[in-house]
>>> print(open('run_1.cif').read())   # mmCIF, C-alpha atoms
data_structure
loop_
_atom_site.label_atom_id
_atom_site.label_comp_id
_atom_site.auth_asym_id
_atom_site.auth_seq_id
_atom_site.Cartn_x
_atom_site.Cartn_y
_atom_site.Cartn_z
CA MET X 828 56.97 65.64 16.49
CA ASN X 829 54.61 68.23 17.93
CA LYS X 830 51.10 67.14 18.77
CA LEU X 831 48.69 69.88 17.77
CA SER X 832 45.15 70.70 18.67
CA LEU X 833 42.53 69.43 16.28
CA LEU X 834 41.29 72.97 15.92
CA LEU X 835 44.35 73.88 13.87
CA TRP X 836 43.71 74.19 10.14
CA LEU X 837 46.83 72.25 9.15
CA PRO X 838 46.14 69.11 7.09
CA LEU X 839 44.61 66.48 9.22
CA ILE X 840 44.99 63.01 10.51
CA PHE X 841 42.08 60.71 10.85
CA SER X 842 41.79 58.30 13.72
CA CYS X 843 38.77 56.08 13.64
CA GLY X 844 37.14 54.10 16.38
CA GLY X 845 33.79 52.64 17.25
CA ASN X 846 31.78 49.51 17.81
CA THR X 847 32.37 46.94 15.05
CA SER X 848 28.82 45.58 15.10
CA GLU X 849 27.37 49.09 14.83
CA LYS X 850 29.57 49.80 11.81
CA ALA X 851 28.58 46.52 10.21
CA GLU X 852 24.89 47.32 10.65
CA SER X 853 25.25 50.79 9.17
CA GLY X 854 27.42 49.61 6.28
CA ASN X 855 29.67 52.58 6.96
CA ILE X 856 33.16 51.69 8.20
CA LEU X 857 33.87 55.40 8.79
CA GLU X 858 30.80 55.98 10.94
CA ASN X 859 32.80 56.76 14.10
CA LEU X 860 35.87 58.87 13.45
CA THR X 861 38.09 60.55 15.98
CA VAL X 862 40.90 62.85 14.86
CA THR X 863 44.46 63.46 16.06
CA LEU X 864 47.25 65.37 14.32
CA ASP X 865 51.04 65.39 14.43
CA THR X 866 53.32 67.65 12.41
CA VAL X 867 57.00 67.26 11.67
CA ARG X 868 59.54 69.59 10.12
CA VAL X 869 62.02 68.29 7.51
CA ASP X 870 65.65 68.90 8.52
CA VAL X 871 67.42 70.58 5.59
CA GLY X 872 70.61 71.40 7.50
CA GLU X 873 72.26 74.60 6.29
CA GLU X 874 70.62 74.46 2.85
CA LEU X 875 68.58 77.45 1.70
CA ILE X 876 65.43 76.15 0.02
CA ASN X 877 62.34 77.93 -1.21
CA VAL X 878 59.66 75.27 -0.73
CA GLY X 879 57.37 77.31 -2.97
CA ASN X 880 59.48 76.04 -5.86
CA TYR X 881 58.53 72.42 -5.20
CA GLU X 882 56.63 71.98 -8.45
CA LYS X 883 55.77 68.26 -8.55
CA PHE X 884 56.54 65.26 -6.37
CA THR X 885 56.89 61.52 -6.76
CA LEU X 886 57.21 58.73 -4.19
CA SER X 887 59.36 55.63 -4.04
CA PRO X 888 57.19 52.46 -3.95
CA ASP X 889 57.66 51.83 -0.24
CA ALA X 890 57.14 55.54 0.52
CA ASP X 891 60.44 55.82 2.37
CA ARG X 892 61.51 58.68 0.08
CA ILE X 893 59.74 61.54 -1.63
CA PHE X 894 61.32 63.44 -4.51
CA TYR X 895 60.44 67.04 -5.42
CA HIS X 896 61.24 68.67 -8.73
CA TYR X 897 62.69 72.06 -7.81
CA TYR X 898 61.19 74.46 -10.32
CA GLY X 899 63.60 76.58 -12.34
CA GLU X 900 66.77 75.29 -10.64
CA PHE X 901 67.41 72.01 -12.50
CA GLU X 902 67.36 70.03 -9.26
CA ILE X 903 65.59 67.07 -7.67
CA HIS X 904 65.38 67.12 -3.89
CA GLU X 905 65.37 63.71 -2.22
CA ILE X 906 63.64 63.65 1.18
CA ASP X 907 64.15 60.71 3.55
CA LEU X 908 60.69 60.25 5.11
CA ASP X 909 61.95 57.85 7.79
CA GLN X 910 64.57 60.31 9.05
CA MET X 911 62.63 63.42 7.97
CA ARG X 912 65.65 65.06 6.45
CA LEU X 913 66.87 66.32 3.09
CA ALA X 914 68.94 63.38 1.89
CA LYS X 915 70.41 65.03 -1.20
CA ARG X 916 70.02 67.82 -3.72
CA ARG X 917 70.45 66.06 -7.05
CA ILE X 918 71.69 68.46 -9.71
CA LEU X 919 70.46 68.10 -13.29
CA GLU X 920 72.22 69.22 -16.46
CA LYS X 921 71.16 72.45 -18.17
CA ASP X 922 72.92 71.68 -21.46
CA GLY X 923 74.46 68.85 -23.43
CA PRO X 924 73.31 65.25 -24.01
CA ASP X 925 71.98 64.92 -20.44
CA ARG X 926 70.00 68.17 -20.50
CA ALA X 927 66.89 67.96 -18.32
CA PRO X 928 63.64 69.99 -18.42
CA ARG X 929 63.62 73.24 -16.45
CA ASP X 930 59.96 72.75 -15.58
CA VAL X 931 57.89 69.60 -15.88
CA GLN X 932 54.37 68.48 -16.69
CA GLY X 933 55.38 64.87 -16.01
CA PHE X 934 57.58 63.79 -13.09
CA GLN X 935 57.53 60.18 -11.96
CA TRP X 936 59.71 57.68 -10.08
CA MET X 937 60.68 54.64 -12.17
CA PRO X 938 62.16 51.24 -11.20
CA ASP X 939 65.90 51.23 -10.41
CA ASP X 940 65.72 54.82 -9.18
CA ARG X 941 65.12 56.28 -12.62
CA PHE X 942 62.97 59.36 -13.21
CA PHE X 943 60.60 60.24 -16.02
CA MET X 944 60.53 63.95 -16.81
CA PHE X 945 58.44 65.60 -19.51
CA ASN X 946 57.74 69.10 -20.74
CA SER X 947 56.60 70.46 -24.08
CA GLY X 948 60.08 70.52 -25.60
CA LEU X 949 62.10 67.86 -23.80
CA ALA X 950 61.41 64.48 -22.21
CA GLY X 951 63.25 61.37 -21.14
CA ILE X 952 64.29 58.90 -18.46
CA TYR X 953 67.12 60.00 -16.14
CA ASP X 954 69.05 58.29 -13.36
CA LEU X 955 69.61 59.66 -9.86
CA ASN X 956 72.81 61.38 -10.99
CA GLY X 957 71.08 63.20 -13.83
CA LYS X 958 72.37 61.03 -16.68
CA LYS X 959 69.85 60.69 -19.48
CA ILE X 960 69.06 57.02 -20.05
CA GLU X 961 66.42 57.34 -22.76
CA SER X 962 64.92 60.12 -24.87
CA ILE X 963 61.15 60.31 -25.42
CA SER X 964 59.45 62.30 -28.16
CA THR X 965 57.24 65.19 -27.11
CA GLN X 966 55.66 65.49 -30.58
CA LEU X 967 52.73 63.18 -29.91
CA ALA X 968 50.81 64.23 -33.03
CA GLU X 969 53.49 62.49 -35.11
CA PHE X 970 52.48 59.07 -33.81
CA SER X 971 50.12 57.01 -35.99
CA GLY X 972 46.52 57.34 -34.80
CA LEU X 973 47.06 60.69 -33.09
CA GLU X 974 46.52 63.00 -36.03
CA GLU X 975 43.77 64.72 -34.03
CA LEU X 976 46.53 66.24 -31.91
CA GLU X 977 47.86 68.33 -34.78
CA GLY X 978 48.41 71.82 -33.37
CA VAL X 979 48.47 70.60 -29.77
CA ASN X 980 51.76 71.62 -28.19
CA PHE X 981 50.95 71.49 -24.50
CA PHE X 982 50.10 68.54 -22.26
CA PRO X 983 49.44 69.74 -18.70
CA GLN X 984 49.81 66.23 -17.26
CA VAL X 985 51.85 63.30 -18.58
CA TRP X 986 52.64 59.84 -17.17
CA ILE X 987 54.55 56.75 -18.24
CA SER X 988 53.97 53.09 -17.38
CA PRO X 989 56.58 51.52 -15.07
CA ASP X 990 57.87 49.29 -17.89
CA ARG X 991 58.21 52.34 -20.19
CA SER X 992 55.85 50.82 -22.75
CA LYS X 993 53.04 53.40 -22.64
CA LEU X 994 52.84 57.16 -22.38
CA MET X 995 49.62 58.77 -21.14
CA ALA X 996 48.75 62.45 -21.43
CA MET X 997 45.98 65.02 -21.02
CA PRO X 998 46.02 67.43 -24.00
CA PHE X 999 45.37 71.16 -24.06
CA LYS X 1000 44.59 72.85 -27.38
CA TYR X 1001 44.61 76.61 -27.87
CA ASP X 1002 42.58 77.86 -24.92
CA GLN X 1003 40.69 74.78 -23.81
CA TRP X 1004 41.20 71.32 -22.36
CA MET X 1005 40.27 68.63 -24.87
CA LEU X 1006 38.84 66.37 -22.11
CA LYS X 1007 40.54 63.31 -23.55
CA LEU X 1008 43.13 60.77 -22.51
CA VAL X 1009 45.94 60.15 -24.99
CA VAL X 1010 47.70 56.77 -24.82
CA VAL X 1011 50.88 56.12 -26.81
CA ASP X 1012 52.46 52.71 -27.42
CA LEU X 1013 56.12 53.72 -27.47
CA ALA X 1014 57.33 50.45 -29.02
CA THR X 1015 55.01 50.54 -32.05
CA GLN X 1016 54.93 54.37 -32.30
CA THR X 1017 51.13 54.27 -32.37
CA GLY X 1018 48.48 55.89 -30.21
CA LYS X 1019 44.80 56.22 -29.42
CA ILE X 1020 42.57 58.87 -27.89
CA HIS X 1021 39.94 58.04 -25.27
CA SER X 1022 36.96 60.31 -24.68
CA LEU X 1023 35.84 60.99 -21.09
CA PRO X 1024 32.10 61.69 -21.44
CA ALA X 1025 31.28 61.15 -17.74
CA LEU X 1026 33.41 64.19 -16.90
CA GLU X 1027 31.97 66.44 -19.59
CA LEU X 1028 30.05 68.59 -17.08
CA THR X 1029 33.42 69.88 -15.81
CA LYS X 1030 33.39 72.36 -18.69
CA ASP X 1031 30.30 74.02 -17.19
CA TYR X 1032 32.35 75.06 -14.16
CA GLN X 1033 35.32 76.66 -15.92
CA VAL X 1034 35.80 80.39 -16.34
CA ARG X 1035 38.05 82.73 -18.27
CA TRP X 1036 38.80 86.44 -18.31
CA GLU X 1037 41.33 88.83 -19.79
CA GLU X 1038 43.47 91.31 -17.90
CA ASN X 1039 46.19 93.53 -19.36
CA GLY X 1040 46.17 91.52 -22.55
CA MET X 1041 46.59 88.19 -20.78
CA LEU X 1042 44.07 85.35 -20.74
CA PHE X 1043 43.31 83.72 -17.40
CA ARG X 1044 41.46 80.46 -16.79
CA SER X 1045 40.23 78.95 -13.55
CA GLY X 1046 37.52 76.80 -12.03
CA ASP X 1047 37.20 73.02 -12.30
CA PHE X 1048 39.56 70.97 -14.45
CA VAL X 1049 39.93 67.26 -15.09
CA SER X 1050 43.18 65.85 -13.72
CA GLY X 1051 44.90 62.51 -13.31
CA HIS X 1052 47.19 60.82 -10.81
CA TRP X 1053 48.94 57.50 -10.41
CA LEU X 1054 46.94 55.21 -8.11
CA ASN X 1055 48.18 51.73 -7.17
CA ASP X 1056 49.65 51.02 -10.63
CA GLN X 1057 46.69 52.53 -12.49
CA LEU X 1058 45.90 56.01 -13.71
CA ALA X 1059 42.92 57.67 -12.00
CA ILE X 1060 41.20 60.51 -13.90
CA VAL X 1061 39.00 62.72 -11.73
CA SER X 1062 37.07 65.98 -11.70
CA PRO X 1063 36.02 68.24 -8.82
CA SER X 1064 32.60 68.46 -10.48
CA THR X 1065 31.49 64.83 -10.04
CA ALA X 1066 31.92 61.79 -7.82
CA ASP X 1067 32.37 59.53 -10.87
CA PHE X 1068 35.88 58.90 -12.14
CA TYR X 1069 37.84 56.82 -14.63
CA LEU X 1070 40.60 54.26 -14.17
CA TYR X 1071 43.03 53.48 -16.97
CA ASP X 1072 44.77 50.10 -16.64
CA TRP X 1073 47.93 50.32 -18.73
CA LYS X 1074 48.55 46.57 -18.57
CA SER X 1075 45.24 45.67 -20.24
CA ASP X 1076 45.00 48.97 -22.14
CA SER X 1077 41.46 49.45 -20.80
CA LEU X 1078 39.54 52.48 -19.54
CA ARG X 1079 36.91 51.87 -16.84
CA LEU X 1080 34.26 54.26 -15.55
CA ILE X 1081 33.70 54.03 -11.79
CA LYS X 1082 30.23 55.23 -10.81
CA ASN X 1083 30.54 56.56 -7.28
CA GLU X 1084 27.18 56.90 -5.52
CA PRO X 1085 27.73 58.96 -2.36
CA LYS X 1086 25.05 58.77 0.32
CA SER X 1087 25.79 61.95 2.23
CA LEU X 1088 27.09 64.30 -0.46
CA PRO X 1089 25.72 65.52 -3.79
CA LYS X 1090 26.92 63.26 -6.59
CA MET X 1091 27.84 66.25 -8.75
CA LYS X 1092 27.73 70.00 -8.98
CA THR X 1093 24.42 71.56 -10.00
CA GLY X 1094 23.48 75.09 -10.90
CA THR X 1095 25.19 77.49 -13.27
CA ILE X 1096 28.01 80.03 -13.24
CA PRO X 1097 29.06 82.59 -15.87
CA ASN X 1098 31.88 81.15 -17.94
CA GLN X 1099 33.13 84.44 -19.36
CA LEU X 1100 34.17 86.95 -16.71
CA GLN X 1101 35.21 90.58 -16.90
CA SER X 1102 37.67 90.93 -14.02
CA PRO X 1103 39.45 89.21 -11.12
CA GLU X 1104 36.73 90.62 -8.86
CA ASP X 1105 34.17 88.60 -10.83
CA TRP X 1106 36.34 85.51 -10.29
CA ARG X 1107 36.35 85.98 -6.52
CA GLU X 1108 32.58 85.98 -6.53
CA VAL X 1109 32.34 82.93 -8.79
CA SER X 1110 35.06 81.13 -6.81
CA ALA X 1111 32.98 81.51 -3.65
CA LYS X 1112 29.96 80.08 -5.45
CA LEU X 1113 32.02 77.08 -6.60
CA GLY X 1114 33.44 76.60 -3.12
CA LYS X 1115 29.96 76.26 -1.67
CA MET X 1116 29.26 73.38 -4.05
CA VAL X 1117 30.68 69.88 -3.68
CA ASN X 1118 34.32 69.51 -4.77
CA TYR X 1119 35.81 66.03 -5.11
CA LYS X 1120 39.56 65.59 -4.62
CA GLU X 1121 42.07 62.95 -5.71
CA LEU X 1122 42.04 59.33 -4.54
CA PHE X 1123 44.82 57.67 -2.55
CA TYR X 1124 45.58 54.07 -1.61
CA ASP X 1125 46.52 52.58 1.77
CA PRO X 1126 48.35 49.29 1.12
CA THR X 1127 48.31 48.33 4.81
CA ARG X 1128 44.50 48.24 4.82
CA GLN X 1129 44.02 47.58 1.12
CA LEU X 1130 41.50 50.40 0.94
CA TYR X 1131 41.15 53.47 -1.25
CA PHE X 1132 40.16 56.86 0.14
CA ARG X 1133 38.92 60.13 -1.31
CA LEU X 1134 38.43 63.57 0.19
CA ALA X 1135 35.75 66.08 -0.74
CA THR X 1136 34.80 69.57 0.36
CA HIS X 1137 31.32 71.04 0.58
CA ASN X 1138 29.50 74.15 1.85
CA GLY X 1139 32.54 76.44 1.90
CA LYS X 1140 32.28 79.40 4.26
CA TYR X 1141 33.23 82.92 3.05
CA ASP X 1142 33.27 86.40 4.54
CA ALA X 1143 31.67 89.50 3.00
CA ASP X 1144 34.70 89.99 0.73
CA ASN X 1145 34.49 86.38 -0.53
CA LYS X 1146 37.59 85.39 1.42
CA ARG X 1147 37.51 81.68 2.16
CA LEU X 1148 37.14 80.80 5.83
CA GLY X 1149 36.96 77.02 5.59
CA ASP X 1150 34.99 74.04 4.30
CA GLU X 1151 33.14 70.96 5.36
CA ILE X 1152 35.68 68.15 4.91
CA TRP X 1153 34.40 64.71 3.94
CA LEU X 1154 36.22 61.39 3.67
CA GLN X 1155 35.09 58.43 1.55
CA SER X 1156 36.49 54.89 1.65
CA PHE X 1157 36.36 52.21 -1.06
CA ASP X 1158 37.19 48.52 -1.31
CA LEU X 1159 39.61 47.12 -3.89
CA ASP X 1160 36.90 47.11 -6.55
CA PHE X 1161 35.98 50.71 -5.71
CA GLY X 1162 32.75 49.91 -3.98
CA LEU X 1163 31.88 52.64 -1.49
CA THR X 1164 32.41 51.34 2.07
CA GLY X 1165 32.23 54.51 4.16
CA GLU X 1166 31.62 58.26 4.36
CA HIS X 1167 32.09 60.71 7.18
CA GLN X 1168 32.30 64.43 7.73
CA ILE X 1169 35.44 65.40 9.64
CA LYS X 1170 33.93 68.11 11.80
CA GLU X 1171 37.09 68.86 13.78
CA ILE X 1172 38.88 70.46 10.82
CA ASN X 1173 37.90 72.78 8.00
CA TRP X 1174 40.76 72.57 5.48
CA ALA X 1175 41.54 69.62 3.21
CA PRO X 1176 45.03 68.06 3.12
CA PHE X 1177 47.35 69.04 0.28
CA THR X 1178 48.94 66.35 -1.94
CA PRO X 1179 48.16 63.52 0.53
CA PHE X 1180 49.76 60.07 0.44
CA PHE X 1181 49.92 57.02 2.72
CA LYS X 1182 53.01 55.76 4.50
CA ASP X 1183 52.94 52.94 7.07
CA GLY X 1184 49.18 53.27 7.39
CA LYS X 1185 49.27 57.00 8.10
CA LEU X 1186 48.17 59.80 5.82
CA TYR X 1187 50.85 62.40 5.13
CA SER X 1188 50.10 65.88 3.85
CA TYR X 1189 52.49 68.57 2.64
CA THR X 1190 52.59 71.72 4.75
CA VAL X 1191 54.90 74.65 5.41
CA LEU X 1192 56.18 75.31 8.94
CA GLU X 1193 57.69 78.78 9.27
CA GLU X 1194 58.88 78.71 5.64
CA ASP X 1195 60.31 75.18 6.03
CA LEU X 1196 59.03 71.99 4.45
CA GLY X 1197 56.93 69.92 6.79
CA PHE X 1198 54.29 67.22 6.88
CA ALA X 1199 51.08 66.84 8.78
CA ILE X 1200 50.84 63.14 9.67
CA LEU X 1201 47.34 61.76 9.75
CA GLU X 1202 46.47 58.47 11.43
CA LEU X 1203 43.42 56.28 10.67
CA LYS X 1204 41.90 53.84 13.14
CA PHE X 1205 38.58 52.10 12.57
#
>>> encode(input="run_1.cif", output="structure tokens")
Amino acid sequence: MNKLSLLLWLPLIFSCGGNTSEKAESGNILENLTVTLDTVRVDVGEELINVGNYEKFTLSPDADRIFYHYYGEFEIHEIDLDQMRLAKRRILEKDGPDRAPRDVQGFQWMPDDRFFMFNSGLAGIYDLNGKKIESISTQLAEFSGLEELEGVNFFPQVWISPDRSKLMAMPFKYDQWMLKLVVVDLATQTGKIHSLPALELTKDYQVRWEENGMLFRSGDFVSGHWLNDQLAIVSPSTADFYLYDWKSDSLRLIKNEPKSLPKMKTGTIPNQLQSPEDWREVSAKLGKMVNYKELFYDPTRQLYFRLATHNGKYDADNKRLGDEIWLQSFDLDFGLTGEHQIKEINWAPFTPFFKDGKLYSYTVLEEDLGFAILELKF
């Protein structure tokens, strides 16, 4: 590993220290943060890999392995995180009964080293050798209770419960997100649709424009991610978020009340743009507002964390120069326990996850896959 200066922009590691009694009095466990950063390159041997094709990733439960779906090549790349090496390129079938999706909206590790893969035309459970174990319908509108999905043929994000009993999806209809969570009971072939009213303001911070006959969309979008055996549904526009518990089939709104950051975006932007140049200007305006990121769980501390950016800095051409980076911490019931601005860095980590109490973040080192390894102490 190479120890880097904290001034580097690579995704960061947090190391926390300070007087316990002072932290107790302030009610902020992140009051005193110090920062160190290590990076490590993944050894791929003689393999030629374009890391830009790593479309989605999924972790094994103990975080000793990370799997990347290799876009367009019908492959899964298995990375050994203990040895930091490419363990195996797992080849998927392009045709026949074991045919796998070329690209995926859902990609998830399953018990017994199975994988869930889903795209608009093909979905199923596969083993490590690419054999298809189970087929799953992609025509969700055909399930009882989901008639509202008639005409919906794209689901940008899809998940499955570990016991394969429930499918969860975010639908996209025509040219807009429906801002709903679809839940399918695969055994009974029935489904329900949950509204997400607390995230409705996200639509105010979306834009679209046309160029050469093509429609482009950008801005804030609601997204979901697997979080400690639940599905978290978040938006950059607000600190509030939802948790879907697949075991109890319940959706819970978590009201996050930050003390040092705005709770949500305010102000207006034009939603219909005329050109990419307009988007650069609007993007800078959005970047100066608060932007909440995904949550992640540290099992060694039994704490949840969330990153946010604020007050983005831009040059005269609206090129992004960096952000204020903020870290929040939560207890097991998602009560806010700490907030702190990480002043030593100005770029947020990309696809972060915890392993052995350290925060890992994807990065590229001279065109090779690497990780910035971030350590917390408090």
>>> residues_around(input="run_1.cif", residues="X:Ile1200", least_positions_apart="5", cutoff="7 Å", atoms="all atoms listed in the file", output="list in words")
Ile840, Leu864, Asp865, Thr866, Lys1185, Leu1186, Tyr1187 and Ser1188 of chain X
>>> residues_around(input="run_1.cif", residues="stretch 1157-1160 of chain X", least_positions_apart="4", cutoff="8 Å", atoms="all atoms listed in the file", output="count of residues only")
6
>>> residues_around(input="run_1.cif", residues="X:Glu1027", least_positions_apart="4", cutoff="12 Å", atoms="all atoms listed in the file", output="PyMOL selection string")
chain X and resi 1004-1007+1022-1023+1031-1033+1047-1049+1061-1065+1067-1068+1091-1092
>>> residues_around(input="run_1.cif", residues="X:Met937", least_positions_apart="3", cutoff="12 Å", atoms="all atoms listed in the file", output="ChimeraX atom specification")
/X:885-888,894,934,940-944,951-955,960,986-991,1056
>>> residues_around(input="run_1.cif", residues="X:Phe981", least_positions_apart="6", cutoff="8 Å", atoms="all atoms listed in the file", output="PyMOL selection string")
chain X and resi 947+998-1000
>>> closest_residue(input="run_1.cif", among="X:Val871, X:Glu882, X:Phe945, X:Ser1110", to="X:Arg912", atoms="only C-alpha atoms")
X:Val871
>>> resolve_selection(input="run_1.cif", expression="the PyMOL selection byres ((chain X and resi 1016) around 10)", output="tab-separated table (two decimals) with C-alpha atoms, keeping the file's coordinate frame")
chain	number	residue	atom	x	y	z
X	967	LEU	CA	52.73	63.18	-29.91
X	969	GLU	CA	53.49	62.49	-35.11
X	970	PHE	CA	52.48	59.07	-33.81
X	971	SER	CA	50.12	57.01	-35.99
X	972	GLY	CA	46.52	57.34	-34.80
X	993	LYS	CA	53.04	53.40	-22.64
X	1011	VAL	CA	50.88	56.12	-26.81
X	1012	ASP	CA	52.46	52.71	-27.42
X	1013	LEU	CA	56.12	53.72	-27.47
X	1014	ALA	CA	57.33	50.45	-29.02
X	1015	THR	CA	55.01	50.54	-32.05
X	1017	THR	CA	51.13	54.27	-32.37
X	1018	GLY	CA	48.48	55.89	-30.21
>>> resolve_selection(input="run_1.cif", expression="the PyMOL selection byres ((chain X and resi 1166) around 8)", output="VMD selection string")
chain X and resid 855 to 858 1085 to 1087 1153 to 1156 1164 to 1165 1167 to 1168
>>> atom_distance(input="run_1.cif", atom1="atom CA of X:Arg1079", atom2="atom CA of X:Leu1054")
13.7 Å
>>> closest_residue(input="run_1.cif", among="X:Ile1060, X:Asn946, X:Pro1024, X:Gln966", to="X:Gly978", atoms="all atoms listed in the file")
X:Gln966
>>> closest_residue(input="run_1.cif", among="X:Arg1147, X:Lys1082, X:Arg916, X:Arg892", to="X:Ala1111", atoms="all atoms listed in the file")
X:Arg1147
